[in-house]
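start.cif follows; it contains mmCIF, C-alpha atoms and all ligand atoms.
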```
data_work
#
loop_
_atom_site.label_atom_id
_atom_site.label_comp_id
_atom_site.auth_asym_id
_atom_site.auth_seq_id
_atom_site.Cartn_x
_atom_site.Cartn_y
_atom_site.Cartn_z
CA MET A 1 156.89 -17.93 -166.62
CA ALA A 2 156.57 -21.54 -165.47
CA ALA A 3 154.22 -22.10 -168.44
CA GLU A 4 157.21 -22.29 -170.79
CA ILE A 5 158.64 -25.29 -169.01
CA ASP A 6 155.18 -26.86 -168.74
CA VAL A 7 155.02 -26.64 -172.55
CA GLN A 8 158.43 -28.30 -172.88
CA ILE A 9 157.54 -31.10 -170.45
CA ALA A 10 154.21 -31.72 -172.20
CA ARG A 11 155.97 -31.70 -175.59
CA PHE A 12 158.40 -34.33 -174.31
CA GLU A 13 155.69 -36.65 -173.03
CA SER A 14 153.46 -36.26 -176.07
CA PHE A 15 156.35 -37.02 -178.44
CA PHE A 16 156.48 -40.58 -177.20
CA SER A 17 152.71 -41.12 -177.14
CA ASP A 18 152.11 -39.40 -180.53
CA HIS A 19 154.92 -41.22 -182.27
CA SER A 20 154.36 -44.63 -180.80
CA ALA A 21 152.81 -45.65 -184.12
CA SER A 22 154.62 -43.55 -186.74
CA LEU A 23 158.19 -44.15 -185.56
CA ASN A 24 157.58 -47.84 -185.33
CA GLY A 25 158.87 -48.56 -188.79
CA ASP A 26 162.51 -48.14 -187.78
CA LEU A 27 162.40 -47.58 -184.07
CA THR A 28 160.74 -49.02 -181.02
CA ILE A 29 159.80 -46.96 -177.99
CA GLU A 30 160.25 -48.32 -174.48
CA ARG A 31 159.28 -46.54 -171.27
CA LEU A 32 162.16 -46.69 -168.79
CA CYS A 33 160.74 -44.68 -165.88
CA GLU A 34 158.70 -41.52 -165.34
CA PHE A 35 159.93 -39.00 -167.94
CA GLY A 36 162.44 -41.54 -169.23
CA TRP A 37 162.11 -43.20 -172.66
CA LEU A 38 164.27 -45.38 -174.84
CA LEU A 39 164.34 -45.15 -178.64
CA LYS A 40 165.73 -48.34 -180.07
CA PRO A 41 166.57 -49.14 -183.69
CA ARG A 42 164.92 -52.35 -184.91
CA ARG A 43 168.01 -53.29 -186.85
CA THR A 44 171.55 -52.21 -186.15
CA ALA A 45 175.07 -53.51 -186.72
CA VAL A 46 176.36 -51.62 -183.68
CA SER A 47 177.05 -53.77 -180.62
CA LEU A 48 177.19 -52.19 -177.19
CA PRO A 49 179.87 -52.77 -174.54
CA VAL A 50 179.29 -55.86 -172.37
CA GLY A 51 176.62 -55.25 -169.74
CA LYS A 52 175.19 -52.15 -171.46
CA SER A 53 171.84 -52.05 -173.21
CA ILE A 54 171.56 -48.26 -173.63
CA GLY A 55 174.14 -46.77 -176.00
CA LEU A 56 173.61 -43.15 -174.99
CA THR A 57 171.52 -41.31 -172.43
CA LEU A 58 170.65 -37.68 -173.13
CA MET A 59 169.45 -36.01 -169.96
CA GLY A 60 168.05 -32.55 -169.21
CA ILE A 61 166.66 -30.61 -166.23
CA THR A 62 168.64 -32.67 -163.74
CA HIS A 63 168.56 -29.28 -162.05
CA GLY A 64 165.00 -27.99 -162.25
CA ASN A 65 165.84 -24.35 -162.98
CA GLU A 66 168.04 -25.19 -165.99
CA TRP A 67 165.29 -25.38 -168.59
CA ALA A 68 167.30 -25.35 -171.81
CA GLY A 69 168.06 -29.06 -171.41
CA ALA A 70 164.37 -29.95 -171.88
CA ALA A 71 164.22 -27.89 -175.09
CA VAL A 72 167.44 -29.53 -176.32
CA LEU A 73 165.94 -32.99 -175.85
CA ASN A 74 162.69 -31.98 -177.57
CA ASP A 75 164.46 -30.41 -180.57
CA THR A 76 166.73 -33.46 -180.86
CA LEU A 77 163.64 -35.70 -180.90
CA SER A 78 162.17 -33.54 -183.70
CA HIS A 79 165.32 -34.13 -185.76
CA ILE A 80 164.98 -37.87 -185.20
CA ALA A 81 161.29 -37.82 -186.16
CA ALA A 82 162.13 -35.82 -189.29
CA GLY A 83 164.74 -38.40 -190.24
CA SER A 84 167.62 -35.92 -190.26
CA ILE A 85 169.71 -38.29 -188.16
CA ASN A 86 169.85 -42.06 -188.09
CA LEU A 87 169.70 -43.84 -184.79
CA ASN A 88 172.10 -46.77 -184.92
CA LEU A 89 172.04 -47.48 -181.21
CA PRO A 90 169.49 -47.33 -178.38
CA VAL A 91 169.26 -43.76 -177.04
CA ALA A 92 167.52 -42.87 -173.78
CA PHE A 93 165.88 -39.47 -173.28
CA VAL A 94 165.42 -38.47 -169.65
CA LEU A 95 164.03 -35.39 -167.91
CA GLY A 96 165.78 -35.57 -164.55
CA ASN A 97 163.71 -33.37 -162.27
CA PRO A 98 160.57 -32.03 -163.98
CA TRP A 99 158.86 -31.63 -160.57
CA ALA A 100 161.45 -29.03 -159.51
CA ALA A 101 161.45 -27.53 -163.03
CA ARG A 102 157.73 -26.77 -162.79
CA GLN A 103 158.54 -24.66 -159.74
CA ASN A 104 161.67 -23.21 -161.38
CA LYS A 105 163.76 -24.58 -158.53
CA ARG A 106 167.12 -26.31 -158.67
CA PHE A 107 165.61 -29.10 -156.54
CA LEU A 108 162.76 -29.66 -154.11
CA GLU A 109 164.33 -31.55 -151.21
CA ARG A 110 167.90 -32.33 -152.18
CA ASP A 111 170.16 -31.65 -155.18
CA LEU A 112 169.43 -34.57 -157.57
CA ASN A 113 172.89 -34.21 -159.10
CA ARG A 114 174.45 -34.97 -155.70
CA SER A 115 172.03 -37.81 -154.89
CA PHE A 116 173.26 -40.80 -156.89
CA ALA A 117 174.50 -43.93 -155.08
CA ARG A 118 173.49 -42.69 -151.66
CA GLN A 119 172.82 -45.02 -148.75
CA HIS A 120 169.25 -45.05 -147.41
CA PRO A 121 167.45 -42.92 -150.05
CA ARG A 122 164.60 -41.10 -148.35
CA LEU A 123 164.14 -37.60 -149.80
CA GLN A 124 162.26 -37.03 -153.09
CA GLU A 125 165.39 -36.52 -155.22
CA GLU A 126 167.17 -39.45 -153.58
CA ARG A 127 164.25 -41.68 -154.60
CA ARG A 128 164.30 -40.22 -158.13
CA ALA A 129 168.05 -40.98 -158.26
CA VAL A 130 167.31 -44.64 -157.48
CA GLU A 131 164.90 -44.79 -160.48
CA LEU A 132 167.44 -43.10 -162.71
CA MET A 133 170.26 -45.36 -161.52
CA ASN A 134 168.42 -48.28 -163.16
CA VAL A 135 168.74 -46.39 -166.45
CA LEU A 136 172.27 -45.08 -165.89
CA LYS A 137 173.61 -48.51 -164.88
CA ARG A 138 172.75 -49.76 -168.38
CA THR A 139 174.18 -46.66 -170.09
CA ALA A 140 177.41 -46.74 -172.10
CA TYR A 141 177.56 -42.94 -172.65
CA ILE A 142 175.76 -40.05 -171.00
CA LEU A 143 175.55 -36.40 -171.97
CA ASP A 144 173.82 -34.40 -169.23
CA PHE A 145 172.74 -30.83 -170.06
CA HIS A 146 173.10 -28.08 -167.47
CA GLN A 147 173.10 -24.31 -167.21
CA THR A 148 174.90 -21.91 -164.89
CA MET A 149 173.31 -19.51 -162.39
CA ARG A 150 175.40 -16.56 -163.62
CA ARG A 151 176.44 -15.62 -167.12
CA SER A 152 179.19 -17.53 -168.84
CA ASP A 153 181.22 -16.18 -171.75
CA ARG A 154 181.00 -19.62 -173.40
CA PRO A 155 179.34 -23.03 -173.14
CA PHE A 156 181.70 -25.60 -171.61
CA PHE A 157 182.00 -29.26 -170.70
CA ILE A 158 182.56 -30.32 -167.12
CA PHE A 159 183.17 -33.89 -165.97
CA PRO A 160 185.43 -36.14 -163.88
CA TYR A 161 188.48 -36.89 -166.00
CA SER A 162 188.98 -40.19 -167.75
CA VAL A 163 190.66 -40.88 -171.09
CA GLN A 164 187.26 -41.93 -172.46
CA SER A 165 185.28 -38.96 -171.13
CA LEU A 166 187.75 -36.42 -172.56
CA ALA A 167 187.78 -38.25 -175.91
CA PHE A 168 183.97 -38.28 -175.97
CA ALA A 169 183.72 -34.55 -175.16
CA ARG A 170 186.19 -33.73 -177.92
CA GLN A 171 184.23 -35.83 -180.42
CA VAL A 172 180.95 -34.20 -179.43
CA MET A 173 182.20 -30.57 -179.64
CA PRO A 174 185.89 -30.41 -180.57
CA ARG A 175 186.30 -26.66 -179.98
CA LEU A 176 184.48 -26.40 -176.68
CA THR A 177 186.32 -25.57 -173.44
CA VAL A 178 186.68 -28.52 -171.06
CA VAL A 179 186.73 -28.15 -167.28
CA THR A 180 187.81 -31.39 -165.68
CA HIS A 181 189.03 -32.75 -162.37
CA TRP A 182 190.33 -35.99 -160.93
CA GLY A 183 191.25 -37.62 -157.64
CA LYS A 184 188.33 -36.26 -155.62
CA PRO A 185 184.58 -36.26 -156.35
CA PHE A 186 183.07 -33.03 -157.72
CA SER A 187 181.23 -32.42 -154.48
CA ALA A 188 181.41 -33.89 -150.99
CA GLU A 189 177.58 -33.98 -150.92
CA GLY A 190 177.10 -36.98 -153.25
CA MET A 191 177.53 -38.35 -156.78
CA CYS A 192 176.63 -36.53 -160.01
CA SER A 193 174.98 -38.34 -162.95
CA ASP A 194 178.23 -38.46 -164.97
CA GLU A 195 180.21 -39.73 -161.96
CA TYR A 196 177.64 -42.46 -161.43
CA VAL A 197 177.76 -43.62 -165.07
CA ILE A 198 181.58 -43.70 -164.87
CA SER A 199 181.41 -45.69 -161.61
CA GLN A 200 179.35 -48.29 -163.52
CA GLY A 201 181.95 -48.61 -166.28
CA GLY A 202 180.36 -46.14 -168.71
CA THR A 203 181.52 -42.77 -170.02
CA GLY A 204 179.94 -39.59 -168.64
CA ILE A 205 180.12 -35.88 -169.43
CA SER A 206 178.05 -32.80 -168.64
CA LEU A 207 177.61 -29.72 -170.78
CA GLU A 208 177.01 -26.28 -169.25
CA LEU A 209 175.22 -24.33 -171.96
CA GLY A 210 175.31 -20.88 -170.31
CA GLN A 211 173.14 -18.87 -167.93
CA ASN A 212 169.80 -20.55 -167.20
CA GLY A 213 166.79 -19.82 -169.36
CA LEU A 214 165.41 -20.88 -172.73
CA ASP A 215 168.06 -19.11 -174.80
CA PRO A 216 167.90 -20.02 -178.54
CA TYR A 217 171.69 -19.94 -179.06
CA GLN A 218 172.27 -22.24 -176.09
CA ILE A 219 169.54 -24.62 -177.24
CA ALA A 220 171.12 -24.76 -180.72
CA VAL A 221 174.52 -25.58 -179.19
CA GLY A 222 172.89 -28.30 -177.11
CA VAL A 223 171.14 -29.87 -180.10
CA ASP A 224 174.38 -29.85 -182.09
CA ALA A 225 176.07 -31.60 -179.15
CA ALA A 226 173.23 -34.13 -178.80
CA LEU A 227 173.36 -35.06 -182.49
CA TRP A 228 177.14 -35.47 -182.39
CA ALA A 229 176.85 -37.49 -179.17
CA ILE A 230 174.52 -39.89 -181.01
CA ARG A 231 176.95 -40.19 -183.93
CA SER A 232 180.07 -40.43 -181.73
CA ALA A 233 178.64 -43.06 -179.37
CA ALA A 234 177.49 -45.18 -182.34
CA MET A 235 180.77 -44.84 -184.23
CA THR A 236 182.87 -45.60 -181.14
CA CYS A 237 180.75 -48.65 -180.25
CA ALA A 238 181.09 -49.81 -183.87
CA GLY A 239 184.89 -49.41 -183.69
CA ASP A 240 184.71 -46.85 -186.49
CA GLU A 241 186.63 -43.97 -184.92
CA GLY A 242 188.68 -42.94 -187.93
CA SER A 243 186.50 -40.08 -189.09
CA LEU A 244 185.97 -38.91 -185.50
CA ARG A 245 189.74 -38.68 -185.10
CA ARG A 246 189.92 -36.32 -188.07
CA ARG A 247 187.11 -34.23 -186.60
CA VAL A 248 188.98 -33.88 -183.31
CA SER A 249 192.59 -33.55 -184.37
CA SER A 250 192.18 -30.29 -186.28
CA CYS A 251 190.85 -28.40 -183.23
CA GLU A 252 192.38 -27.22 -179.99
CA ALA A 253 190.09 -26.78 -177.00
CA ASP A 254 190.98 -24.93 -173.79
CA LEU A 255 191.37 -27.15 -170.75
CA TYR A 256 190.86 -26.00 -167.17
CA THR A 257 190.71 -27.49 -163.72
CA TRP A 258 189.99 -25.78 -160.42
CA ALA A 259 192.83 -24.72 -158.17
CA SER A 260 190.62 -23.82 -155.21
CA ILE A 261 187.09 -24.04 -153.86
CA VAL A 262 185.87 -21.33 -151.47
CA PRO A 263 183.53 -23.04 -148.99
CA TRP A 264 180.33 -21.36 -147.78
CA PRO A 265 180.88 -20.22 -144.19
CA GLN A 266 179.06 -21.99 -141.34
CA THR A 267 177.55 -18.71 -140.14
CA GLY A 268 177.15 -15.16 -141.40
CA PHE A 269 176.60 -13.78 -144.87
CA VAL A 270 178.45 -13.83 -148.17
CA GLU A 271 178.42 -10.78 -150.41
CA LEU A 272 180.25 -11.03 -153.71
CA ILE A 273 181.30 -7.96 -155.71
CA GLU A 274 179.23 -7.37 -158.85
CA GLY A 275 180.35 -8.88 -162.15
CA LEU A 276 181.90 -12.17 -161.07
CA GLU A 277 180.77 -14.30 -163.97
CA ASN A 278 181.93 -17.70 -165.18
CA PHE A 279 185.38 -17.42 -166.80
CA ARG A 280 185.93 -13.87 -165.48
CA GLU A 281 189.70 -13.45 -164.95
CA VAL A 282 190.90 -12.78 -161.39
CA ARG A 283 194.34 -12.00 -159.93
CA SER A 284 195.81 -13.43 -156.74
CA GLY A 285 194.82 -11.23 -153.79
CA GLU A 286 191.99 -9.52 -155.70
CA ARG A 287 189.00 -8.70 -153.50
CA LEU A 288 186.04 -10.83 -154.55
CA GLY A 289 183.64 -9.85 -151.81
CA VAL A 290 183.00 -10.13 -148.10
CA VAL A 291 182.52 -13.40 -146.22
CA ASP A 292 181.20 -13.15 -142.70
CA GLY A 293 182.51 -9.59 -142.40
CA GLN A 294 186.01 -10.49 -143.63
CA PRO A 295 187.33 -9.66 -147.12
CA LEU A 296 187.30 -12.61 -149.52
CA LEU A 297 190.49 -12.56 -151.58
CA ALA A 298 191.34 -14.62 -154.64
CA THR A 299 193.83 -17.31 -153.60
CA GLY A 300 195.54 -17.36 -156.98
CA ASP A 301 195.42 -16.13 -160.58
CA GLY A 302 192.71 -17.79 -162.58
CA LYS A 303 189.12 -17.72 -163.76
CA ILE A 304 185.89 -17.78 -161.80
CA LEU A 305 183.61 -20.83 -161.90
CA PHE A 306 180.09 -21.20 -160.44
CA PRO A 307 179.87 -17.99 -158.37
CA LYS A 308 176.88 -18.06 -156.01
CA TYR A 309 174.99 -14.79 -155.54
CA LEU A 310 172.34 -15.23 -152.89
CA THR A 311 170.11 -12.66 -151.27
CA ARG A 312 170.31 -12.23 -147.50
CA GLN A 313 166.88 -13.80 -147.28
CA GLN A 314 168.05 -16.90 -149.19
CA GLN A 315 171.14 -17.07 -147.00
CA SER A 316 169.13 -16.93 -143.81
CA GLN A 317 167.24 -20.10 -144.73
CA GLN A 318 169.41 -23.01 -143.68
CA THR A 319 168.06 -25.24 -146.48
CA SER A 320 169.02 -22.84 -149.27
CA ARG A 321 172.61 -22.25 -148.07
CA PRO A 322 174.96 -23.73 -150.65
CA THR A 323 178.15 -25.57 -149.75
CA GLU A 324 180.49 -23.28 -151.65
CA VAL A 325 180.87 -19.64 -152.72
CA LEU A 326 182.84 -20.14 -155.96
CA ARG A 327 185.73 -21.98 -157.53
CA ILE A 328 188.87 -20.55 -159.12
CA MET A 329 190.12 -22.36 -162.23
CA ARG A 330 193.56 -22.51 -163.76
CA PRO A 331 194.57 -23.61 -167.27
CA LEU A 332 195.49 -27.27 -167.49
CA ARG A 333 198.08 -28.84 -169.77
CA ILE A 334 197.16 -32.19 -171.26
CA GLU A 335 200.42 -33.68 -169.89
CA GLU A 336 199.22 -33.00 -166.34
CA LEU A 337 196.28 -35.38 -166.69
CA PRO A 338 196.63 -38.79 -165.04
CA THR A 339 197.48 -41.55 -167.50
CA SER A 340 195.10 -44.16 -166.12
ZN ZN A 401 173.10 -27.94 -163.26
#
```

Just give me the structure of the file as structure tokens.
Ligand SMILES: [Zn+2]
Amino acid sequence: MAAEIDVQIARFESFFSDHSASLNGDLTIERLCEFGWLLKPRRTAVSLPVGKSIGLTLMGITHGNEWAGAAVLNDTLSHIAAGSINLNLPVAFVLGNPWAARQNKRFLERDLNRSFARQHPRLQEERRAVELMNVLKRTAYILDFHQTMRRSDRPFFIFPYSVQSLAFARQVMPRLTVVTHWGKPFSAEGMCSDEYVISQGGTGISLELGQNGLDPYQIAVGVDAALWAIRSAAMTCAGDEGSLRRRVSSCEADLYTWASIVPWPQTGFVELIEGLENFREVRSGERLGVVDGQPLLATGDGKILFPKYLTRQQQSQQTSRPTEVLRIMRPLRIEELPTS
């Protein structure tokens, strides 16, 4: 099975070596880091925000077992090579954690998407985060592609709320559900890629395409999002947001935030009932499973996000115990969002 991701990783690397001559008419190629490349238009009227030299970063396999992101980047590159989209600003293409992807693992030593801006980087993913931070620091916009462990009834955006990040998500895919949060970081473990870009004055969003695997529908959604991210970032940087406003204003997207996070217990086992998938509706008091011998009840009405089903064997290894069991989301009204 791992061969499929090997093909995608090889396709990614060979794109930049094979095209180093043929793309050169309009674009230059610059190597940013391992599995990180910048495509830069030779001539452009678009000027980037002060301090930024990368207009957009498209990133995939930040989590190694979420392979669709690599295919999305490769298919987007094919569109660029075919000339079906113009690049008016420098766009970086980054495979976050191909080493974990080759083993079909979320990470090898530490979750890369909780490893940005950490003190004393030591573990493999912490060192990779340091390399990527050099790219992300320079990045005005990032779209990071992810997939969920369990099924989802839809693709959805997830990111820390800011006026700019919500506007960017709506421009990229106006109809897509947005899950957002503010006030506290996504996870107590460390910073995500989008959080890091935001902390450096950029705009960051992540897109969950659906359950992990190389699903053609999900890849098509991702490519559509990538192409619109390129257009939106360029048009916004050029101050030409008029047509984007028309694209966004005719569509209503569902907004959610989480009302509660169920932490993974210190000891014992978690057993969830079957069928808890992303966006599955739950009622307050509904039995969701058993945690350490005690019933786990929904703390409110809402929808399930990121349920973690782990075998007893996985749970008995300290290193593979996650920090949380699931989240419960509630609908969010736009008026509830902070104004600054
Ligand atoms: Zn992920």

I'd like a table as a tab-separated table: residues in chain A with an atom no more than 7 Å from ligand ZN 401 (chain A), each row giving the shortest atom pair and its distance in Å to one decimal, all atoms listed in the file counted, sorted by chain and rising residue number.
```
residue	atom	partner	partner_atom	distance
A:Thr62	CA	A:ZN401	ZN	6.5
A:His63	CA	A:ZN401	ZN	4.9
A:Glu66	CA	A:ZN401	ZN	6.4
A:His146	CA	A:ZN401	ZN	4.2
A:Gln147	CA	A:ZN401	ZN	5.4
A:Thr148	CA	A:ZN401	ZN	6.5
```

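The two atoms in question, atom CA of Ser243 of chain A and atom CA of Met173 of chain A, are spaced 14.1 Å apart.
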
Give the answer as one residue: which of A:Val270, A:Ala169, A:Val262, A:Leu296 has the shortest atom-to-atom distance to Gln315 of chain A, using all atoms listed in the file? A:Val270

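Of the residues under consideration (A:Ile85, A:Ala68, A:Leu276, A:Leu337), A:Ile85 shows the shortest atom-to-atom contact distance to Leu227 of chain A when counting only C-alpha atoms.
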
Report the closest atom pair, with its distance in Å rounded to one decimal, for each residue of segment 27-123 of chain A that has an atom no farther than 10 Å from segment 181-198 of chain A; count all atoms listed in the file, sort by chain and then rising residue number, and write it as a Markdown table.
```
| residue | atom | partner | partner_atom | distance |
| --- | --- | --- | --- | --- |
| A:Thr57 | CA | A:Val197 | CA | 9.9 |
| A:Met59 | CA | A:Ser193 | CA | 9.2 |
| A:Thr62 | CA | A:Ser193 | CA | 8.5 |
| A:Gly96 | CA | A:Ser193 | CA | 9.7 |
| A:Arg110 | CA | A:Glu189 | CA | 9.9 |
| A:Asp111 | CA | A:Glu189 | CA | 8.9 |
| A:Leu112 | CA | A:Cys192 | CA | 7.9 |
| A:Asn113 | CA | A:Cys192 | CA | 4.5 |
| A:Arg114 | CA | A:Gly190 | CA | 4.1 |
| A:Ser115 | CA | A:Gly190 | CA | 5.4 |
| A:Phe116 | CA | A:Met191 | CA | 4.9 |
| A:Ala117 | CA | A:Met191 | CA | 6.6 |
| A:Arg118 | CA | A:Gly190 | CA | 6.9 |
```

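Among the candidates A:Gly83, A:Gly268, A:Pro98, A:Gly36, the one nearest to Gln313 of chain A when counting all atoms listed in the file is A:Gly268.
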
Exercise on segment 27-39 of chain A, axis-aligned box with 5 Å per side, report centre and edge lengths in Å to one decimal, as JSON:
```
{"center_x": 161.5, "center_y": -44.0, "center_z": -174.7, "size_x": 15.6, "size_y": 20.0, "size_z": 28.7}
```

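Atom CA of Asn97 of chain A is positioned 22.2 Å from atom CA of Leu310 of chain A.
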
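Of the listed residues (A:Val135, A:Ser47, A:Leu77, A:Val72), A:Leu77 comes nearest to Ser14 of chain A; the distances count all atoms listed in the file.
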
Which is closer to Asp240 of chain A than all the others in A:Val223, A:Leu95, A:Val7, A:Val46, using all atoms listed in the file? A:Val46

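With distances taken over all atoms listed in the file, A:Asn74 is the one residue among A:Thr180, A:Thr28, A:Asn74, A:Asn212 lying closest to Val94 of chain A.
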
Find the distance between atom CA of Leu108 of chain A and atom CA of Thr267 of chain A and write it in Å to one decimal. 23.1 Å

Can you check which parts of segment 233-264 of chain A lie within 12 Å of segment 155-168 of chain A? Per residue, the shortest pair of atoms and distance in Å to one decimal, counting all atoms listed in the file, sorted by chain and number, as CSV.
```
residue,atom,partner,partner_atom,distance
A:Ala233,CA,A:Phe168,CA,7.9
A:Ala234,CA,A:Phe168,CA,11.4
A:Met235,CA,A:Phe168,CA,11.0
A:Thr236,CA,A:Phe168,CA,9.0
A:Cys237,CA,A:Phe168,CA,11.7
A:Glu241,CA,A:Ala167,CA,10.7
A:Leu244,CA,A:Phe168,CA,9.8
A:Arg245,CA,A:Ala167,CA,9.4
A:Arg247,CA,A:Ala167,CA,11.4
A:Val248,CA,A:Ala167,CA,8.7
A:Ser249,CA,A:Ala167,CA,10.8
A:Ala253,CA,A:Phe156,CA,10.0
A:Asp254,CA,A:Phe156,CA,9.6
A:Leu255,CA,A:Phe157,CA,9.6
A:Tyr256,CA,A:Ile158,CA,9.4
A:Thr257,CA,A:Ile158,CA,9.3
A:Trp258,CA,A:Ile158,CA,11.0
```
